[in-house]
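For reference, target09.txt is printed below; it contains compact mmCIF, C-alpha atoms.
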```txt
# COMPACT_ATOMS: atom_id res chain seq x y z
CA MET G 1 0.00 0.00 0.00
CA LYS G 2 1.54 3.29 -1.11
CA LYS G 3 2.11 6.01 1.43
CA HIS G 4 -0.44 8.79 0.99
CA ALA G 5 0.05 12.57 1.09
CA ILE G 6 -2.55 15.34 0.84
CA VAL G 7 -1.32 18.70 -0.44
CA THR G 8 -3.46 21.85 -0.31
CA GLY G 9 -2.90 24.73 -2.69
CA ALA G 10 -1.46 22.25 -5.20
CA ALA G 11 -2.50 23.92 -8.47
CA SER G 12 0.58 26.14 -8.65
CA GLY G 13 3.72 27.29 -6.89
CA ILE G 14 5.13 25.39 -3.92
CA GLY G 15 2.07 23.14 -3.68
CA GLU G 16 2.35 22.00 -7.30
CA ALA G 17 6.08 21.39 -6.90
CA LEU G 18 5.51 19.46 -3.67
CA GLY G 19 2.90 17.26 -5.30
CA ARG G 20 5.20 16.51 -8.21
CA HIS G 21 8.17 15.74 -5.94
CA LEU G 22 6.18 13.54 -3.57
CA ALA G 23 4.66 11.56 -6.41
CA ALA G 24 8.12 11.09 -7.94
CA THR G 25 9.34 9.56 -4.66
CA GLY G 26 6.61 6.92 -4.88
CA LEU G 27 3.81 8.36 -2.77
CA HIS G 28 0.17 8.51 -3.79
CA VAL G 29 -0.68 12.21 -3.74
CA THR G 30 -4.08 13.82 -3.34
CA LEU G 31 -3.79 17.27 -4.90
CA THR G 32 -6.29 19.84 -3.70
CA ASP G 33 -6.97 23.43 -4.68
CA VAL G 34 -9.83 25.83 -5.16
CA ASP G 35 -8.86 26.22 -8.85
CA GLY G 36 -10.18 23.04 -10.41
CA THR G 37 -8.99 23.77 -13.96
CA LYS G 38 -5.33 24.26 -13.03
CA LEU G 39 -5.52 21.39 -10.57
CA GLU G 40 -6.70 18.92 -13.21
CA ARG G 41 -3.83 19.99 -15.46
CA VAL G 42 -1.30 19.28 -12.69
CA ALA G 43 -2.85 15.88 -11.92
CA HIS G 44 -3.02 14.99 -15.63
CA ASN G 45 0.69 15.71 -16.08
CA LEU G 46 1.58 13.50 -13.13
CA LYS G 47 -0.59 10.63 -14.34
CA ARG G 48 0.89 10.95 -17.83
CA ALA G 49 4.30 10.43 -16.21
CA ALA G 50 2.94 7.21 -14.62
CA LEU G 51 2.84 8.76 -11.16
CA SER G 52 0.10 8.14 -8.61
CA ALA G 53 -2.06 11.23 -8.10
CA GLU G 54 -5.64 12.39 -7.92
CA ALA G 55 -7.21 15.84 -7.98
CA ARG G 56 -9.93 17.05 -5.63
CA VAL G 57 -11.30 20.57 -5.76
CA LEU G 58 -11.17 22.04 -2.27
CA ASP G 59 -11.84 25.40 -0.65
CA VAL G 60 -10.00 25.20 2.68
CA THR G 61 -12.26 27.87 4.18
CA ASN G 62 -15.20 25.45 3.87
CA ARG G 63 -14.92 23.19 6.92
CA ASP G 64 -17.48 20.61 5.75
CA GLN G 65 -15.87 20.32 2.33
CA VAL G 66 -12.44 19.86 3.92
CA ALA G 67 -13.74 17.08 6.15
CA ASP G 68 -15.40 15.29 3.20
CA VAL G 69 -12.33 15.50 0.93
CA ILE G 70 -9.84 14.34 3.56
CA ALA G 71 -12.05 11.48 4.70
CA ALA G 72 -12.83 10.31 1.14
CA SER G 73 -9.23 10.48 -0.09
CA THR G 74 -7.97 8.68 3.02
CA ASP G 75 -10.59 5.95 2.67
CA ARG G 76 -9.58 5.44 -0.94
CA ALA G 77 -5.84 5.34 -0.17
CA GLY G 78 -6.31 3.27 2.99
CA ARG G 79 -4.05 5.53 5.06
CA LEU G 80 -2.86 9.11 5.55
CA ASP G 81 0.87 9.61 6.02
CA TYR G 82 1.35 13.31 5.27
CA LEU G 83 -0.79 16.42 5.29
CA PHE G 84 0.90 19.45 3.71
CA ASN G 85 -1.00 22.60 4.64
CA ASN G 86 0.27 24.82 1.86
CA ALA G 87 -2.78 26.80 0.69
CA GLY G 88 -2.36 30.48 1.46
CA ILE G 89 -2.84 33.99 0.12
CA GLY G 90 -0.80 37.14 0.58
CA MET G 91 -1.44 40.83 1.00
CA ALA G 92 1.00 43.71 1.24
CA GLY G 93 0.34 47.05 2.90
CA GLU G 94 0.77 48.84 6.19
CA PHE G 95 -1.78 48.48 8.96
CA ASP G 96 -3.55 51.73 8.08
CA HIS G 97 -4.00 50.47 4.52
CA MET G 98 -6.02 47.48 5.74
CA ARG G 99 -9.73 47.06 6.31
CA VAL G 100 -11.22 44.62 8.80
CA SER G 101 -12.53 42.61 5.84
CA ASP G 102 -8.93 42.20 4.62
CA TRP G 103 -7.91 40.72 7.98
CA ARG G 104 -10.84 38.30 7.96
CA ARG G 105 -10.13 37.14 4.40
CA ILE G 106 -6.42 36.50 4.98
CA PHE G 107 -7.00 34.72 8.31
CA GLU G 108 -9.82 32.60 6.84
CA VAL G 109 -7.36 31.05 4.39
CA ASN G 110 -3.97 31.24 6.10
CA LEU G 111 -5.08 30.21 9.60
CA PHE G 112 -8.59 28.78 9.61
CA GLY G 113 -7.93 26.88 6.39
CA VAL G 114 -5.11 25.08 8.20
CA ILE G 115 -7.27 24.57 11.29
CA HIS G 116 -10.00 22.96 9.18
CA CYS G 117 -7.51 20.56 7.56
CA ILE G 118 -5.91 19.59 10.86
CA ASP G 119 -9.32 19.15 12.46
CA ALA G 120 -10.16 16.58 9.79
CA ALA G 121 -6.78 14.81 9.49
CA TYR G 122 -5.49 14.75 13.07
CA PRO G 123 -8.08 12.27 14.43
CA LEU G 124 -7.31 9.91 11.52
CA MET G 125 -3.59 10.06 12.26
CA ARG G 126 -4.17 9.59 15.97
CA ALA G 127 -6.21 6.47 15.25
CA GLN G 128 -3.38 5.14 13.04
CA ARG G 129 -0.74 6.17 15.60
CA TYR G 130 1.38 7.66 12.82
CA GLY G 131 1.43 10.54 10.35
CA GLN G 132 3.01 13.92 9.73
CA ILE G 133 1.38 17.33 9.49
CA VAL G 134 3.59 19.85 7.70
CA ASN G 135 2.44 23.46 7.93
CA ILE G 136 3.93 25.75 5.28
CA ALA G 137 4.25 29.12 6.97
CA SER G 138 6.87 31.69 5.93
CA ILE G 139 9.86 33.55 7.27
CA ALA G 140 7.12 36.14 7.92
CA GLY G 141 5.96 33.81 10.68
CA LEU G 142 9.30 33.98 12.47
CA VAL G 143 10.27 37.65 12.14
CA PRO G 144 8.32 40.93 11.78
CA LEU G 145 8.35 42.31 8.23
CA PRO G 146 7.03 45.88 7.89
CA GLY G 147 4.63 46.55 5.06
CA GLN G 148 2.95 43.15 5.42
CA SER G 149 1.06 43.50 8.70
CA VAL G 150 -1.89 41.21 7.97
CA TYR G 151 0.19 38.51 6.26
CA VAL G 152 2.81 38.52 9.02
CA ALA G 153 0.14 38.26 11.70
CA SER G 154 -1.51 35.27 10.00
CA LYS G 155 1.80 33.45 9.64
CA HIS G 156 2.86 34.19 13.23
CA ALA G 157 -0.45 32.68 14.34
CA LEU G 158 0.24 29.60 12.20
CA VAL G 159 3.70 29.21 13.78
CA GLY G 160 2.17 29.37 17.26
CA LEU G 161 -0.45 26.77 16.34
CA THR G 162 2.18 24.46 14.87
CA GLU G 163 4.55 24.64 17.83
CA THR G 164 1.79 23.96 20.34
CA LEU G 165 0.22 21.10 18.40
CA ARG G 166 3.69 19.59 17.91
CA LEU G 167 3.97 19.22 21.69
CA GLU G 168 0.49 17.78 22.04
CA ALA G 169 0.67 15.35 19.11
CA LYS G 170 3.95 13.63 19.93
CA ALA G 171 2.38 11.29 22.50
CA HIS G 172 -0.08 10.10 19.83
CA GLY G 173 2.57 9.18 17.27
CA VAL G 174 1.88 12.23 15.10
CA ASN G 175 4.72 14.52 14.03
CA VAL G 176 3.84 18.16 13.42
CA ARG G 177 6.43 20.17 11.52
CA LEU G 178 6.92 23.74 10.36
CA ALA G 179 8.39 24.88 7.03
CA CYS G 180 9.23 28.56 6.61
CA PRO G 181 10.28 29.55 3.09
CA GLY G 182 11.89 32.87 2.31
CA VAL G 183 11.44 34.40 -1.14
CA VAL G 184 10.28 31.73 -3.59
CA ASP G 185 9.42 32.50 -7.21
CA THR G 186 5.71 31.63 -7.27
CA PRO G 187 2.52 33.27 -8.61
CA ILE G 188 1.62 34.58 -5.13
CA TYR G 189 3.63 37.74 -5.79
CA GLN G 190 1.46 38.55 -8.79
CA THR G 191 -1.88 37.41 -7.39
CA SER G 192 -1.65 38.96 -3.92
CA ASP G 193 -3.30 42.29 -3.24
CA VAL G 194 -0.94 45.23 -2.75
CA VAL G 195 -2.44 48.29 -1.08
CA GLY G 196 -0.68 51.63 -0.67
CA PHE G 197 2.43 50.49 -2.57
CA GLN G 198 3.33 49.85 -6.20
CA ARG G 199 3.81 46.12 -6.71
CA ASP G 200 6.70 46.29 -9.19
CA LYS G 201 8.66 48.71 -7.01
CA VAL G 202 8.12 46.61 -3.90
CA LEU G 203 9.38 43.50 -5.70
CA SER G 204 12.40 45.40 -7.03
CA LEU G 205 13.61 45.81 -3.43
CA TRP G 206 13.52 42.06 -2.79
CA PRO G 207 16.19 39.51 -3.73
CA ARG G 208 15.54 37.03 -6.49
CA GLY G 209 13.76 33.99 -5.09
CA ILE G 210 14.54 30.32 -5.48
CA SER G 211 12.32 28.16 -7.67
CA ALA G 212 9.29 26.32 -6.32
CA ASP G 213 10.99 23.03 -7.23
CA GLN G 214 14.04 23.94 -5.15
CA CYS G 215 11.77 24.84 -2.24
CA ALA G 216 9.83 21.56 -2.48
CA ARG G 217 13.02 19.50 -2.54
CA ARG G 218 14.33 21.43 0.46
CA ILE G 219 11.12 20.80 2.43
CA TRP G 220 11.27 17.06 1.70
CA ARG G 221 14.96 16.90 2.62
CA GLY G 222 14.19 18.69 5.88
CA ILE G 223 11.51 16.11 6.67
CA GLN G 224 13.94 13.26 6.00
CA ARG G 225 16.49 14.92 8.28
CA ASN G 226 13.87 15.51 10.99
CA GLU G 227 14.44 19.28 10.91
CA HIS G 228 12.16 21.65 12.76
CA PRO G 229 11.60 24.31 11.70
CA ILE G 230 12.67 23.91 8.10
CA VAL G 231 13.84 27.42 7.21
CA ILE G 232 14.39 27.79 3.48
CA THR G 233 16.83 30.17 1.72
CA SER G 234 20.00 31.59 3.18
CA LEU G 235 18.41 35.04 3.54
CA ALA G 236 15.55 33.63 5.60
CA ARG G 237 17.96 31.78 7.87
CA GLY G 238 20.05 34.93 8.23
CA LEU G 239 17.06 37.09 9.14
CA ARG G 240 15.94 34.56 11.73
CA GLU G 241 19.37 34.42 13.34
CA ILE G 242 19.79 38.20 13.40
CA TYR G 243 16.33 38.63 14.95
CA ARG G 244 17.12 35.94 17.53
CA LEU G 245 20.63 37.09 18.44
CA SER G 246 20.43 40.86 17.93
CA PRO G 247 16.86 42.22 17.87
CA LYS G 248 18.12 45.82 17.93
CA LEU G 249 20.14 45.28 14.76
CA PHE G 250 17.17 43.61 13.10
CA TYR G 251 14.83 46.47 13.98
CA ARG G 252 17.27 49.07 12.67
CA ALA G 253 17.43 47.24 9.35
CA ALA G 254 13.63 46.82 9.25
CA GLU G 255 13.09 50.53 9.96
CA HIS G 256 15.47 51.41 7.13
CA TYR G 257 13.55 49.06 4.82
CA ILE G 258 10.13 50.58 5.53
CA GLU G 259 11.50 54.09 5.08
CA ARG G 260 12.91 53.12 1.70
CA LEU G 261 9.69 51.33 0.78
CA ARG G 262 7.65 54.44 1.52
CA LYS G 263 9.95 56.59 -0.59
CA VAL G 264 10.14 54.47 -3.72
CA ALA G 265 6.97 52.39 -3.72
CA GLN G 266 4.26 54.63 -2.32
CA ALA G 267 1.18 54.44 -4.52
CA PRO G 268 -1.30 57.27 -5.10
CA GLN G 269 -3.78 57.41 -2.24
CA GLU G 270 -6.89 55.37 -2.90
CA ALA G 271 -10.20 55.36 -1.07
CA ARG G 272 -10.46 52.22 1.01
```
Produce structure tokens that represent the structure in this file.
Amino acid sequence: MKKHAIVTGAASGIGEALGRHLAATGLHVTLTDVDGTKLERVAHNLKRAALSAEARVLDVTNRDQVADVIAASTDRAGRLDYLFNNAGIGMAGEFDHMRVSDWRRIFEVNLFGVIHCIDAAYPLMRAQRYGQIVNIASIAGLVPLPGQSVYVASKHALVGLTETLRLEAKAHGVNVRLACPGVVDTPIYQTSDVVGFQRDKVLSLWPRGISADQCARRIWRGIQRNEHPIVITSLARGLREIYRLSPKLFYRAAEHYIERLRKVAQAPQEAR
């Protein structure tokens, strides 16, 4: 019986790369995403390469739908070895650029979407006495990044959830792990809302990211090495260490960044 992994947000970016890499290692992969058209294309390509995969349309903000998809795919596979909570959305802008509706939308996907998936998968893994839950957060969950208040807050919340559940789940044979990528070249940078800043000028201040395939391979290698957290890219690891060892230095650099961002990337004021 093949090991079975469920990947959310698998129609593009890190999720697509993870699904492809996991299937190539011999796992049966259930690919899920809210975008059914792109998801079917990803699954079709894997099947054409004689890899074991299935596609299931899933909106992680819909708790009942999450429960149905995870239960059905696990019944079909006969087991659930890995849950990769990868689905997420981004939003850039300072706090005073945000509306309450923006906060609710980001948290519905980035936090409650993960909660819904864990709520459905964790009891199955506990009954098996094995399984791994891998939550894909971000370096934004480990350090404060100005200009991304709502995104940073959602990822910090996800880090806190992961660390606490990791302690609780160990006695039940379930491993809960955190992956925190830095800048990865995925569609999220083009699809995320940017408020108060000009997208192209914001991105021009950032380093070039690694590919989604490189990120997926690094996550899988970190799992094999039992790493926690899995911090991906040298810049992300550097930021984490500076913030941990010298918070004052980190804050000086972050203050310089937001000043520069305001100077070069400020967008014309819009009614919000």
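Excluding Ala53 (chain G) itself and same-chain residues fewer than 3 positions from it, the residues having an atom within 10 Å of it are His4, Ala5, Ile6, Gly19, Arg20, Leu22, Ala23, Leu27, His28, Val29, Thr30, Leu31, Val42, Ala43, His44, Asn45, Leu46, Lys47 and Ala50 of chain G, counting all atoms listed in the file.
If you measure from each of G:Arg99, G:Lys38, G:His116, G:Lys3 to Thr74 (chain G) using all atoms listed in the file, the closest one turns out to be G:Lys3.
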I want to know what sits within 9 Å of Asp35 (chain G), based on all atoms listed in the file, with residues of the same chain fewer than 3 positions away left out; could you give that as a ChimeraX atom specification? /G:9,11,32,38-40,57-59
Writer output for current selection, C-alpha atoms, as a short mmCIF file (atom, residue, chain, number, x, y, z; two decimals), in the frame of the given file:
```cif
data_model
loop_
_atom_site.label_atom_id
_atom_site.label_comp_id
_atom_site.auth_asym_id
_atom_site.auth_seq_id
_atom_site.Cartn_x
_atom_site.Cartn_y
_atom_site.Cartn_z
CA GLY G 9 -2.90 24.73 -2.69
CA ALA G 11 -2.50 23.92 -8.47
CA THR G 32 -6.29 19.84 -3.70
CA LYS G 38 -5.33 24.26 -13.03
CA LEU G 39 -5.52 21.39 -10.57
CA GLU G 40 -6.70 18.92 -13.21
CA VAL G 57 -11.30 20.57 -5.76
CA LEU G 58 -11.17 22.04 -2.27
CA ASP G 59 -11.84 25.40 -0.65
#
```
Pick from G:Ala216, G:Cys117, G:Ile188, G:Ala137 nearest to Glu163 (chain G), counting all atoms listed in the file: G:Ala137
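Between CA of Lys155 (chain G) and CA of His21 (chain G) the interatomic distance comes to 24.4 Å.
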Mind listing whatever residues come within 9 Å of the point (9.0, 42.8, 14.6)? Use all atoms listed in the file, file coordinates, and give them as a short mmCIF file (atom, residue, chain, number, x, y, z; two decimals) with C-alpha atoms, in the coordinates of the input.
```cif
data_model
loop_
_atom_site.label_atom_id
_atom_site.label_comp_id
_atom_site.auth_asym_id
_atom_site.auth_seq_id
_atom_site.Cartn_x
_atom_site.Cartn_y
_atom_site.Cartn_z
CA VAL G 143 10.27 37.65 12.14
CA PRO G 144 8.32 40.93 11.78
CA LEU G 145 8.35 42.31 8.23
CA PRO G 146 7.03 45.88 7.89
CA TYR G 243 16.33 38.63 14.95
CA PRO G 247 16.86 42.22 17.87
CA PHE G 250 17.17 43.61 13.10
CA TYR G 251 14.83 46.47 13.98
CA ALA G 254 13.63 46.82 9.25
#
```
Which value, in Å to one decimal, gives the distance between CA of Val176 (chain G) and CA of Ile242 (chain G)? 25.6 Å
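Distance annotation: of G:Gly93, G:Gly209, G:Gly147, G:Gly173, the residue with the minimal separation from Ile133 (chain G) is G:Gly173; atom set is all atoms listed in the file.
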For Leu18 (chain G), please output as a ChimeraX atom specification all residues within 8 Å (counting all atoms listed in the file; exclusion window: fewer than 5 positions along the same chain). /G:7,10,213,216-217
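CA of Ser138 (chain G) is positioned 21.9 Å from CA of Ala169 (chain G).
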Start from the incomplete input, build N, CA and C atoms for region 209-227 of chain G, and deliver everything as a PDB file, in the coordinates of the input.
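The result, stored in rebuild.pdb:
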```pdb
ATOM      1  N   GLY G 209      14.105  35.174  -5.862  1.00  0.00           N
ATOM      2  CA  GLY G 209      13.760  33.990  -5.090  1.00  0.00           C
ATOM      3  C   GLY G 209      14.240  32.707  -5.736  1.00  0.00           C
ATOM      4  N   ILE G 210      14.254  31.639  -4.951  1.00  0.00           N
ATOM      5  CA  ILE G 210      14.540  30.320  -5.480  1.00  0.00           C
ATOM      6  C   ILE G 210      13.312  29.794  -6.207  1.00  0.00           C
ATOM      7  N   SER G 211      13.463  28.729  -6.961  1.00  0.00           N
ATOM      8  CA  SER G 211      12.320  28.160  -7.670  1.00  0.00           C
ATOM      9  C   SER G 211      11.444  27.352  -6.717  1.00  0.00           C
ATOM     10  N   ALA G 212      10.200  27.140  -7.122  1.00  0.00           N
ATOM     11  CA  ALA G 212       9.290  26.320  -6.320  1.00  0.00           C
ATOM     12  C   ALA G 212       9.809  24.891  -6.212  1.00  0.00           C
ATOM     13  N   ASP G 213      10.422  24.383  -7.267  1.00  0.00           N
ATOM     14  CA  ASP G 213      10.990  23.030  -7.230  1.00  0.00           C
ATOM     15  C   ASP G 213      12.105  22.930  -6.198  1.00  0.00           C
ATOM     16  N   GLN G 214      12.976  23.932  -6.151  1.00  0.00           N
ATOM     17  CA  GLN G 214      14.040  23.940  -5.150  1.00  0.00           C
ATOM     18  C   GLN G 214      13.459  23.961  -3.745  1.00  0.00           C
ATOM     19  N   CYS G 215      12.408  24.751  -3.560  1.00  0.00           N
ATOM     20  CA  CYS G 215      11.770  24.840  -2.240  1.00  0.00           C
ATOM     21  C   CYS G 215      11.155  23.503  -1.850  1.00  0.00           C
ATOM     22  N   ALA G 216      10.462  22.852  -2.777  1.00  0.00           N
ATOM     23  CA  ALA G 216       9.830  21.560  -2.480  1.00  0.00           C
ATOM     24  C   ALA G 216      10.860  20.512  -2.110  1.00  0.00           C
ATOM     25  N   ARG G 217      11.957  20.471  -2.856  1.00  0.00           N
ATOM     26  CA  ARG G 217      13.020  19.500  -2.540  1.00  0.00           C
ATOM     27  C   ARG G 217      13.618  19.773  -1.168  1.00  0.00           C
ATOM     28  N   ARG G 218      13.763  21.052  -0.833  1.00  0.00           N
ATOM     29  CA  ARG G 218      14.330  21.430   0.460  1.00  0.00           C
ATOM     30  C   ARG G 218      13.388  21.040   1.611  1.00  0.00           C
ATOM     31  N   ILE G 219      12.096  21.203   1.412  1.00  0.00           N
ATOM     32  CA  ILE G 219      11.120  20.800   2.430  1.00  0.00           C
ATOM     33  C   ILE G 219      11.205  19.289   2.659  1.00  0.00           C
ATOM     34  N   TRP G 220      11.227  18.521   1.568  1.00  0.00           N
ATOM     35  CA  TRP G 220      11.270  17.060   1.700  1.00  0.00           C
ATOM     36  C   TRP G 220      12.564  16.609   2.354  1.00  0.00           C
ATOM     37  N   ARG G 221      13.680  17.251   1.992  1.00  0.00           N
ATOM     38  CA  ARG G 221      14.960  16.900   2.620  1.00  0.00           C
ATOM     39  C   ARG G 221      14.934  17.217   4.110  1.00  0.00           C
ATOM     40  N   GLY G 222      14.309  18.342   4.464  1.00  0.00           N
ATOM     41  CA  GLY G 222      14.190  18.690   5.880  1.00  0.00           C
ATOM     42  C   GLY G 222      13.369  17.685   6.653  1.00  0.00           C
ATOM     43  N   ILE G 223      12.325  17.139   6.019  1.00  0.00           N
ATOM     44  CA  ILE G 223      11.510  16.110   6.670  1.00  0.00           C
ATOM     45  C   ILE G 223      12.348  14.857   6.892  1.00  0.00           C
ATOM     46  N   GLN G 224      13.103  14.457   5.883  1.00  0.00           N
ATOM     47  CA  GLN G 224      13.940  13.260   6.000  1.00  0.00           C
ATOM     48  C   GLN G 224      15.006  13.427   7.085  1.00  0.00           C
ATOM     49  N   ARG G 225      15.460  14.650   7.267  1.00  0.00           N
ATOM     50  CA  ARG G 225      16.490  14.920   8.280  1.00  0.00           C
ATOM     51  C   ARG G 225      15.894  15.256   9.644  1.00  0.00           C
ATOM     52  N   ASN G 226      14.570  15.223   9.742  1.00  0.00           N
ATOM     53  CA  ASN G 226      13.870  15.510  10.990  1.00  0.00           C
ATOM     54  C   ASN G 226      14.146  16.938  11.474  1.00  0.00           C
ATOM     55  N   GLU G 227      14.216  17.880  10.555  1.00  0.00           N
ATOM     56  CA  GLU G 227      14.440  19.280  10.910  1.00  0.00           C
ATOM     57  C   GLU G 227      13.146  19.928  11.403  1.00  0.00           C
TER      58      GLU G 227
END
```
